Every structure is written in structure tokens, then in C-alpha cells.
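Comments concern the structure below.
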Amino acid sequence: MKVLRNQLFLPLNFEVLIDENDPVRKLTEICDTLDYTKLYDVYLRRWRLIDPAIMFEILVFANMNCIYSSRDIEQACKTDIRFMWLLQGEPAPDHSTFARFQNEKLVGVIEDLFYQLIIKLHELGEIEFNNIFIDGTKIEANANRYTFVWAKTVEKNLQKLNAKINNELPDLCQKYGLSESASLADVIEFLLKARDFLGIKFVYGRGKRKTDIQRDYDRIYEYLERIERYHKSQEILGTRRSYSKTDLDATFMRMKEDHMRNGQLKPAYNVQIGVESEYIVGVGLFSNPTDTTTLIPFLERLQKNIGRKYLNIIADAGYASEENYTYLEENEQNAYIKPADYEIKKTRKYKRNIYRVENLSYDEIGDYFTCPNGKRLNHAYDSKSKTKNDYEIIKSYYICESCEGCPHRDKCYKGKYENRKVSFSKTMARQKAEATERITADEGNILRQNRSIQVEGAFGVLKQDRDFRRFLTRGKTKTETQFLLLAFAFNIKKLWNRTIDGRLGLSLFNQQAA
């Protein structure tokens with residue numbers, strides 16, 4: 001039997017084919033309440049084929065369905081009735097339109113839309129701005145894995161080149177009768193004038209014989225180009241140790257997902273998120289691989305966008321530092337941050353090691369330690385150091401009155417001729433004790449368990465369930481825009497799931513402490 005496919009049909013209403021509980025309806029319900037003024041201001045012309053708000057909804061819904069490629073989004077607009085419903089009967093835009101919209105129009109606007117959603121979730125009673133769980137992960141950049149530039153290599157090559165120039169420049173100055181203080185630029189200028197005066201024509205290619213003037217000119221010009229290239233690399237590097245030539249903002253980091261399975265470094269971004277009530281409430285991309293230096297700028301950016309401070313900051317030991325503890329104290333925020341040595345302190349080996357400075361007896365009144373041999377380690381001097389953010393750390397040094405003839409010498413101190421010296425930060429010791437007390441209390445146990453469930457669970461959904469392991473755009477601005485879109489989609493899907501499951505208003509998982 002032949003099927004008739006070219007029959008005449010009336011216009012089809014897609015809305016009747018979409019389930020009432022479909023996530024796309026929750027998306028439009030929330031997005032229709034947002035203010036798109038900043039997005040409209042990006043456009044110079046009032047006339048647009050498709051409303052920018054609709055384009056934004058399509059991109060968010062694509063991220064909700066693990067569709068990240070602009071070509072795949074174009075295909076979905078032609079085949080998926082939910083995308084057709086969002087388009088409201090308009091023809092599907094091509095992939096380049098979606099790419100330009102995300103990489104040009106949304107840049108500088110997406111952050112405002114994202115935090116409008118956070119405020120909306122607060123109005124719905126889903127977010128209380130009370131507990132924030134912070135963690136980071138490394139996501140591979142859209143860059144070639146072997147286009148690395150290392151800071152140490154650049155510095156080493158620059159030093160070698162300068163030494164070579166200092167060795168050759170005096171001979172060149174003497175050869176052409178220039179002053180000893182002449183620079184490479186002065187020599188270049190002189191050689192060009194000599195070329196014009198003598199009527200010499202520079203030649204290139206095989207079978208061409210170069211004059212001495214051209215050989216010297218080419219060599220010096222190459223030196224100048226290399227110096228400029230090294231200085232440009234140092235400017236791009238800043239305080240980083242490496243960068244990628246195909247994505248200048250990406251830094252080479254050690255990844256858990258290693259394609260070579262040999263611990264190889266790959267260009268990546270350190271993605272930081274803050275989670276409350278299972279929703280992503282803050283996002284930040286950083287070029288430094290360590291989490292310690294990201295906490296303060298992350299919290300300051302979050303406070304600027306939401307206009308308030310979180311009461312409790314919950315993070316793992318990777319964020320433990322005197323600078324971070326002090327910042328939270330000054331801002332009257334409770335630090336539920338595990339000290340870096342918290343786990344090792346619970347081991348039997350650590351507790352039995354009587355020679356560790358943490359296990360030595362300390363007299364606060366006399367300000368001295370007592371070693372296992374009964375000798376005093378008296379306060380000798382203080383040293384000051386500053387972090388990259390100019391935070392001043394004061395360490396106190398204590399020296400034993402005498403280690404001569406001590407039976408514990410071999411196990412206690414490796415120095416052969418000096419008495420034992422230990423360093424001790426009084427501020428950090430106090431902060432670690434207070435943090436340990438907070439995280440071991442009943443509330444601290446619940447918050448630590450929720451950190452593992454909520455923020456690590458969010459990364460698990462994004463990287464494993466939604467298979468987002470590599471950025472598709474290049475440059476920090478564009479990659480951050482892409483991740484904010486992903487976080488926006490994550491929150492809409494989470495709101496839909498909690499509504500379906502009847503879990504609205506649930507902020508913490510109250511489980512028994514282990």
C-alpha cells in the first residue's frame with residue numbers, strides 16, 4: 001500500500017503536542033519574567049528577524065538538552081517541535097547566527113541575566129543566601145594541547161639572547177666605528193643608512209650572495225624580533241607559569257581526564273562555582289590552577305552581583321590559608337573550611353610523632369615551646385612576607401637553647417651544627433583551631449556532608465551526565481559566557497526537577513554525621 005505524503009494539512013499548533021510538564025514550559029515561565037534591556041541595548045538596529053530574548057531561550061534550552069554546537073542547535077530548530085515552539089513560527093536561524101549571538105551579543109549581558117535568575121529563585125523561596133558550598137574543577141580549553149609556552153623557558157632564552165648580544169655588540173660597534181654605548185637599534189639605523197649611501201640592494205633566496213652589511217643587518221634584526229617576542233610572551237604570562245598559543249588565557253594544568261594517561265598537562269581553565277540548595281549561585285573562571293587564591297575574588301564578585309553576603313562559607317582544604325581565613329573574619333562570615341592538615345592529624349603516625357611542632361608543648365604566657373628532652377625553644381625573631389594580594393603574614397621563629405648531647409637529636413632535627421629552629425604562625429594556629437571546632441560541631445558535619453552532595457554533585461552532573469568536559473570557544477570572556485549559559489540551564493532544569501519531585505524549599509540534606 002502506497003502512503004500519501006503530500007496531503008494538504010492545516011497549520012499545526014505545536015503547543016498541543018508539548019507535554020504540560022515539559023522543561024521547556026518551566027524555561028519560558030522563568031525567562032518571561034527577566035529584564036532584557038541590556039540585551040536589547042547591544043543591538044544598533046531595532047529591526048531584528050528573531051527577538052533576542054527568543055534566541056537566548058533557545059540557547060538555554062539547547063544547553064538543558066546537552067546540545068552545545070551551533071550546528072546541532074540549528075538542526076534541533078528544524079527537527080524538534082519544542083525548539084519550533086520557542087521560535088513561534090519563525091524560520092530556524094543558521095549556525096553562524098547562533099555563534100555570533102553567543103560570542104558577541106551575550107558577552108557582558110549573560111552575567112546580568114544569570115543573577116536575575118538567582119534573585120528570582122530567592123523570591124520563589126528556593127535560595128536563602130545563607131550557606132554557600134564552593135568548589136572548583138578544571139575544564140579543558142579549546143586549544144591545541146602542544147602549543148605551550150613556559151615562563152621559565154622564555155626567561156632562560158631571553159637571558160641567553162641578552163648574553164649573546166652583549167658579547168657581539170662591542171665588536172659590531174668597533175667594526176662600524178660606533179660608540180660603545182650604541183644599542184641594537186642604533187646599529188640597525190646605521191646599517192640602513194650605509195646601505196642607501198653605498199647603493200647596496202638586499203637580496204634573498206638561493207644562489208644570492210649577501211654582503212657583510214646585509215648579514216649583520218639580518219642577524220641584528222632577528223635579535224630584535226626575538227626580544228620583542230619574548231617580552232610579549234612575558235606580558236601574556238603575567239604571574240602565570242604557562243599559556244597556550246591558541247588560547248592565550250588558558251593555562252596548562254594537570255587534569256584528571258588525561259588523554260595520554262601519563263599525567264600530561266593540558267590547557268584548561270579553573271572553573272569555580274558556588275552552590276546553594278542544589279542551584280549554582282556563582283560562577284568564576286580563573287587561569288591559575290590552585291583554588292587558594294580564587295576564593296576572595298570569587299566572593300567579592302558574587303557579593304557585587306547579588307548585593308549581599310553569605311553567612312556560611314563551606315569549602316574543602318584546598319581553600320585553607322591564613323589570608324582566606326582573615327578575609328572571612330573581617331567580613332563577619334563563618335569559615336567552614338577544613339584545615340589543610342585536618343585529615344593527617346587524625347592518623348596514628350601523626351599523633352605519635354612527638355617531634356612535630358604541632359605536638360610540642362607550648363606556653364602562651366612565656367611564649368616558648370618545650371621539646372621532648374625538656375629543653376626550651378625560646379622566641380628568637382619574627383619574619384614578614386606578603387602574598388600576591390599584599391596580605392602580610394607574620395611567622396615567629398623559635399630556637400632551642402641547646403641541642404648538644406640530646407638523645408633525640410637524630411629523630412628531632414637534621415641540622416648538624418645548629419640548634420633546632422621551628423616556625424610558627426600564631427594567627428594561623430588560632431584560625432585552624434577555630435575552623436576545626438566549627439567543622440566538627442553538629443552543624444559543621446551537616447554542612448560538610450552537603451558540600452560533598454551539592455557542589456561536587458553539580459560538577460558530576462555537568463561533566464558526567466551532560467558530558468561537558470571541554471569548552472567550544474576560545475578566550476576567557478567567551479568561555480565564561482558559555483559556562484554561564486550552562487549554569488543558567490542547569491538551574492532551570494534543577495528547578496523543574498525539584499518541582500516534579502516535590503522538593504521545593506529543601507536547602508540541606510539532613511543526614512546523620514558519619
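Chain labels A, B, ... are given in the sequence in which chains occur in the C-alpha cells; within each chain residues are numbered consecutively from 1, and ligands are likewise numbered from 1 in the order shown.
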Within 7 Å of range 464-481 of chain A, which residues of range 78-176 of chain A show up? Give each one with its shortest atom-to-atom distance in Å (one decimal) and the two atoms involved, counting only C-alpha atoms, rows by chain then rising residue number, as CSV.
```
residue,atom,partner,partner_atom,distance
A:Asn103,CA,A:Lys478,CA,5.9
A:Val107,CA,A:Thr481,CA,6.1
A:Ile110,CA,A:Thr481,CA,6.5
A:Ile139,CA,A:Arg469,CA,5.7
A:Glu140,CA,A:Arg470,CA,4.7
A:Ala141,CA,A:Phe471,CA,5.3
A:Asn142,CA,A:Phe471,CA,5.4
```
Residues from last step as file, N, CA and C atoms, as a PDB file, in the first residue's frame:
```pdb
ATOM      1  N   ASN A 103      28.713  34.619  21.142  1.00  0.00           N
ATOM      2  CA  ASN A 103      30.075  35.131  21.315  1.00  0.00           C
ATOM      3  C   ASN A 103      30.185  36.645  21.230  1.00  0.00           C
ATOM      4  N   VAL A 107      28.004  38.393  25.436  1.00  0.00           N
ATOM      5  CA  VAL A 107      29.174  38.762  26.230  1.00  0.00           C
ATOM      6  C   VAL A 107      28.888  40.081  26.951  1.00  0.00           C
ATOM      7  N   ILE A 110      25.169  38.189  29.720  1.00  0.00           N
ATOM      8  CA  ILE A 110      24.753  36.924  30.295  1.00  0.00           C
ATOM      9  C   ILE A 110      24.883  36.923  31.814  1.00  0.00           C
ATOM     10  N   ILE A 139      38.446  22.429  33.534  1.00  0.00           N
ATOM     11  CA  ILE A 139      37.810  22.051  32.279  1.00  0.00           C
ATOM     12  C   ILE A 139      38.739  22.445  31.140  1.00  0.00           C
ATOM     13  N   GLU A 140      38.959  21.515  30.232  1.00  0.00           N
ATOM     14  CA  GLU A 140      39.922  21.712  29.151  1.00  0.00           C
ATOM     15  C   GLU A 140      39.497  22.848  28.229  1.00  0.00           C
ATOM     16  N   ALA A 141      40.452  23.667  27.843  1.00  0.00           N
ATOM     17  CA  ALA A 141      40.195  24.778  26.924  1.00  0.00           C
ATOM     18  C   ALA A 141      40.175  24.281  25.485  1.00  0.00           C
ATOM     19  N   ASN A 142      39.579  25.080  24.622  1.00  0.00           N
ATOM     20  CA  ASN A 142      39.540  24.762  23.192  1.00  0.00           C
ATOM     21  C   ASN A 142      40.849  25.228  22.556  1.00  0.00           C
TER      22      ASN A 142
END
```
Exercise: Leu462 in chain A partners within 12 Å, only C-alpha atoms, chain neighbours under 2 positions left out, as a PyMOL selection string:
chain A and resi 63-66+137+139+271+273+280+455-460+464-470+483+486-491+493-494
Would you export the selected residues with C-alpha atoms as a compact mmCIF listing (two decimals), in the first residue's frame, please?
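What ended up in result-v2.txt:
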```txt
# COMPACT_ATOMS: atom_id res chain seq x y z
CA ASN A 63 22.22 23.55 26.98
CA MET A 64 19.47 21.90 29.03
CA ASN A 65 19.46 19.10 26.43
CA CYS A 66 23.28 18.75 26.17
CA THR A 137 37.27 21.87 38.74
CA ILE A 139 37.81 22.05 32.28
CA VAL A 271 36.18 26.80 36.98
CA ILE A 273 31.16 27.57 41.33
CA ILE A 280 24.59 27.23 41.04
CA VAL A 455 28.69 21.23 44.83
CA GLU A 456 30.51 18.04 43.86
CA GLY A 457 27.19 16.66 42.68
CA ALA A 458 26.73 19.72 40.45
CA PHE A 459 30.10 19.10 38.82
CA GLY A 460 29.20 15.44 38.42
CA GLN A 464 29.45 13.24 33.52
CA ASP A 465 25.70 13.36 32.90
CA ARG A 466 25.80 16.29 30.46
CA ASP A 467 29.24 15.42 29.06
CA PHE A 468 30.62 18.96 29.28
CA ARG A 469 34.37 18.38 29.52
CA ARG A 470 35.80 20.84 27.00
CA PHE A 483 29.72 28.33 31.18
CA LEU A 486 25.39 26.16 31.04
CA ALA A 487 24.86 27.20 34.68
CA PHE A 488 21.65 29.05 33.73
CA ALA A 489 20.36 25.91 32.01
CA PHE A 490 21.43 23.79 34.99
CA ASN A 491 19.38 25.94 37.37
CA LYS A 493 16.49 22.06 34.91
CA LYS A 494 17.09 21.78 38.66
```
Would you please give, as a PyMOL selection string, all residues of range 59-103 of chain A that DSSP assigns to helix (DSSP H, G or I) based on the backbone?
chain A and resi 59-64+70-79+81-87+95-103
Just N, CA, C and O atoms for this one: save the residues we selected as a CSV table (one decimal), in the first residue's frame.
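Saved to again.csv:
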```csv
chain,number,residue,atom,x,y,z
A,59,LEU,N,19.1,29.0,23.2
A,59,LEU,CA,20.5,28.6,23.6
A,59,LEU,C,20.4,27.9,25.0
A,59,LEU,O,21.1,26.9,25.3
A,60,VAL,N,19.6,28.5,25.9
A,60,VAL,CA,19.5,27.9,27.2
A,60,VAL,C,18.9,26.5,27.1
A,60,VAL,O,19.3,25.6,27.8
A,61,PHE,N,17.8,26.4,26.3
A,61,PHE,CA,17.1,25.1,26.2
A,61,PHE,C,18.1,24.1,25.5
A,61,PHE,O,18.0,22.9,25.8
A,62,ALA,N,18.9,24.5,24.6
A,62,ALA,CA,19.9,23.6,24.0
A,62,ALA,C,20.8,23.1,25.0
A,62,ALA,O,21.2,21.9,25.0
A,63,ASN,N,21.3,24.0,25.9
A,63,ASN,CA,22.2,23.6,27.0
A,63,ASN,C,21.5,22.6,28.0
A,63,ASN,O,22.2,21.7,28.5
A,64,MET,N,20.2,22.8,28.2
A,64,MET,CA,19.5,21.9,29.0
A,64,MET,C,19.4,20.5,28.4
A,64,MET,O,19.3,19.5,29.2
A,70,SER,N,26.7,25.0,17.7
A,70,SER,CA,25.8,25.9,17.0
A,70,SER,C,25.1,25.1,15.8
A,70,SER,O,24.0,25.4,15.5
A,71,ARG,N,25.9,24.2,15.2
A,71,ARG,CA,25.3,23.5,14.1
A,71,ARG,C,24.2,22.5,14.6
A,71,ARG,O,23.2,22.3,13.9
A,72,ASP,N,24.5,21.9,15.7
A,72,ASP,CA,23.5,21.0,16.3
A,72,ASP,C,22.3,21.8,16.8
A,72,ASP,O,21.1,21.2,16.7
A,73,ILE,N,22.5,23.0,17.3
A,73,ILE,CA,21.3,23.8,17.7
A,73,ILE,C,20.5,24.2,16.4
A,73,ILE,O,19.2,24.1,16.5
A,74,GLU,N,21.1,24.5,15.3
A,74,GLU,CA,20.4,24.8,14.1
A,74,GLU,C,19.6,23.6,13.7
A,74,GLU,O,18.4,23.7,13.3
A,75,GLN,N,20.1,22.4,13.7
A,75,GLN,CA,19.4,21.2,13.4
A,75,GLN,C,18.3,20.9,14.3
A,75,GLN,O,17.2,20.5,13.8
A,76,ALA,N,18.4,21.2,15.6
A,76,ALA,CA,17.4,20.9,16.5
A,76,ALA,C,16.2,21.9,16.3
A,76,ALA,O,15.0,21.5,16.4
A,77,CYS,N,16.5,23.1,15.8
A,77,CYS,CA,15.4,24.1,15.5
A,77,CYS,C,14.6,23.6,14.3
A,77,CYS,O,13.5,24.0,14.1
A,78,LYS,N,15.1,22.7,13.5
A,78,LYS,CA,14.4,22.2,12.3
A,78,LYS,C,13.7,20.9,12.5
A,78,LYS,O,12.8,20.6,11.7
A,79,THR,N,14.1,20.2,13.6
A,79,THR,CA,13.5,18.9,13.8
A,79,THR,C,12.8,18.7,15.1
A,79,THR,O,11.9,17.8,15.2
A,81,ILE,N,10.1,19.8,17.9
A,81,ILE,CA,8.9,20.7,18.0
A,81,ILE,C,9.0,21.7,19.1
A,81,ILE,O,8.4,22.7,19.1
A,82,ARG,N,9.8,21.3,20.2
A,82,ARG,CA,9.9,22.3,21.3
A,82,ARG,C,10.7,23.5,20.9
A,82,ARG,O,10.4,24.6,21.3
A,83,PHE,N,11.8,23.3,20.1
A,83,PHE,CA,12.5,24.4,19.6
A,83,PHE,C,11.7,25.2,18.6
A,83,PHE,O,11.7,26.5,18.5
A,84,MET,N,10.9,24.5,17.8
A,84,MET,CA,10.0,25.2,16.8
A,84,MET,C,9.0,26.1,17.6
A,84,MET,O,8.6,27.2,17.2
A,85,TRP,N,8.5,25.5,18.7
A,85,TRP,CA,7.5,26.3,19.6
A,85,TRP,C,8.2,27.5,20.1
A,85,TRP,O,7.5,28.6,20.2
A,86,LEU,N,9.5,27.4,20.6
A,86,LEU,CA,10.2,28.6,21.1
A,86,LEU,C,10.3,29.7,20.0
A,86,LEU,O,10.3,30.9,20.2
A,87,LEU,N,10.6,29.2,18.7
A,87,LEU,CA,10.7,30.1,17.6
A,87,LEU,C,9.4,30.8,17.2
A,87,LEU,O,9.5,31.8,16.4
A,95,HIS,N,23.6,28.3,11.8
A,95,HIS,CA,24.5,28.1,12.9
A,95,HIS,C,25.4,29.4,13.2
A,95,HIS,O,25.7,29.7,14.4
A,96,SER,N,25.7,30.1,12.2
A,96,SER,CA,26.6,31.3,12.4
A,96,SER,C,25.8,32.4,13.2
A,96,SER,O,26.4,33.1,13.9
A,97,THR,N,24.5,32.5,13.0
A,97,THR,CA,23.7,33.4,13.8
A,97,THR,C,23.7,33.1,15.3
A,97,THR,O,23.9,34.0,16.1
A,98,PHE,N,23.6,31.8,15.6
A,98,PHE,CA,23.7,31.4,17.0
A,98,PHE,C,25.1,31.6,17.5
A,98,PHE,O,25.2,32.1,18.7
A,99,ALA,N,26.1,31.4,16.7
A,99,ALA,CA,27.5,31.6,17.2
A,99,ALA,C,27.8,33.1,17.5
A,99,ALA,O,28.4,33.4,18.5
A,100,ARG,N,27.3,33.9,16.6
A,100,ARG,CA,27.5,35.4,16.8
A,100,ARG,C,26.8,35.9,18.0
A,100,ARG,O,27.2,36.7,18.7
A,101,PHE,N,25.6,35.4,18.1
A,101,PHE,CA,24.7,35.8,19.3
A,101,PHE,C,25.4,35.5,20.6
A,101,PHE,O,25.5,36.3,21.5
A,102,GLN,N,25.9,34.2,20.7
A,102,GLN,CA,26.6,33.8,21.9
A,102,GLN,C,27.9,34.5,22.2
A,102,GLN,O,28.2,35.0,23.3
A,103,ASN,N,28.7,34.6,21.1
A,103,ASN,CA,30.1,35.1,21.3
A,103,ASN,C,30.2,36.6,21.2
A,103,ASN,O,31.2,37.2,21.6
```
Rounded to one decimal, what separation in Å do you get between CA of Lys266 in chain A and CA of Tyr68 in chain A?
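Separation of CA of Lys266 in chain A and CA of Tyr68 in chain A: 21.4 Å.
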Quick check, in Å to one decimal: how far apart do CA of Ala320 in chain A and CA of Pro339 in chain A lie?
5.5 Å
Excluding Asn157 in chain A and residues on its chain fewer than 6 positions from it, collect all residues at most 12 Å away from it, counting only C-alpha atoms, and give them as a PyMOL selection string.
chain A and resi 149-151+163-164+223+226-227+229-231+233-234
Given only C-alpha atoms as the counted atoms, nearest of A:Arg215, A:Lys338, A:Lys256, A:Lys208 to Arg438 in chain A
A:Lys338
Name the residues in contact with range 25-32 of chain A at a cut-off of 7 Å, using only C-alpha atoms, excluding same-chain residues fewer than 3 positions from it; report them as a PyMOL selection string.
chain A and resi 22+492+496
If we count only C-alpha atoms, what is near range 411-417 of chain A at a cut-off of 10 Å, once residues fewer than 5 positions away on the same chain are taken out, given as a list of chain:residue names?
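Residues meeting the cut-off are A:Asn353, A:Ile354, A:Tyr355, A:Arg356, A:Cys371, A:Pro372, A:Cys403, A:Glu404, A:Cys406, A:Val422.
Those residues that approach range 194-205 of chain A to within 10 Å, counting only C-alpha atoms, are Tyr176, Ile188, Thr211, Ile213, Gln214, Arg215, Tyr217 and Asp218 of chain A; same-chain residues fewer than 6 positions away are not listed.
Distances from A:Lys395, A:Arg451, A:Arg498, A:Lys463 to Ala429 in chain A were compared using only C-alpha atoms, and the smallest one belongs to A:Lys395.
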What residues in range 310-368 of chain A get the DSSP label strand (DSSP E)? Please answer as a list in words.
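DSSP-assigned strand (DSSP E) residues in range 310-368 of chain A: Asn312, Ile313, Ile314, Ala315, Asn334, Ala335, Tyr336, Ile337, Ser361, Tyr362, Asp363 and Tyr368 of chain A.
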Show me a table, sorted first by chain and then by increasing residue number, of the residues of range 293-312 of chain A having an atom at most 10 Å from range 112-117 of chain A, each with its shortest atom pair and the distance in Å to one decimal, counting only C-alpha atoms and written as a tab-separated table.
```
residue	atom	partner	partner_atom	distance
A:Leu302	CA	A:Tyr115	CA	9.2
A:Asn305	CA	A:Tyr115	CA	6.6
A:Ile306	CA	A:Tyr115	CA	6.8
```
What separation in Å, quoted to one decimal, exists between CA of Phe286 in chain A and CA of Leu328 in chain A?
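These two atoms are separated by 20.4 Å.
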Considering only C-alpha atoms, can you say which of A:Ser425, A:Asn419, A:Lys349, A:Lys193 comes closest to Ser383 in chain A?
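Among A:Ser425, A:Asn419, A:Lys349, A:Lys193, it is A:Ser425 that comes nearest to Ser383 in chain A.
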Which residue out of A:Ser452, A:Asn270, A:Lys304, A:Phe148 has the minimum interatomic distance to Lys245 in chain A when only C-alpha atoms are used?
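Among the listed residues, the smallest separation from Lys245 in chain A belongs to A:Phe148.
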Quick one: residues within 10 Å of Asp367 in chain A, only C-alpha atoms counted, chain neighbours fewer than 4 positions away excluded, as a list in words?
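With the cut-off at 10 Å, the set is Tyr362, Asp363, Leu377, Asn378, His379 and Tyr398 of chain A.
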Please produce a file of the residues just selected, as a short mmCIF file (atom, residue, chain, number, x, y, z; two decimals), in the first residue's frame, where the atoms kept are N, CA and C atoms.
```
data_model
loop_
_atom_site.label_atom_id
_atom_site.label_comp_id
_atom_site.auth_asym_id
_atom_site.auth_seq_id
_atom_site.Cartn_x
_atom_site.Cartn_y
_atom_site.Cartn_z
N TYR A 362 53.42 24.03 74.24
CA TYR A 362 53.60 25.47 74.05
C TYR A 362 53.04 26.23 75.25
N ASP A 363 53.83 27.15 75.77
CA ASP A 363 53.43 28.00 76.89
C ASP A 363 53.09 29.38 76.34
N LEU A 377 62.45 26.02 73.60
CA LEU A 377 62.66 26.68 72.31
C LEU A 377 62.11 28.09 72.47
N ASN A 378 63.01 29.04 72.70
CA ASN A 378 62.62 30.42 73.01
C ASN A 378 62.39 31.22 71.73
N HIS A 379 61.52 32.21 71.84
CA HIS A 379 61.22 33.07 70.69
C HIS A 379 62.48 33.85 70.30
N TYR A 398 61.40 30.08 66.66
CA TYR A 398 61.84 29.68 67.99
C TYR A 398 63.06 28.78 67.85
#
```
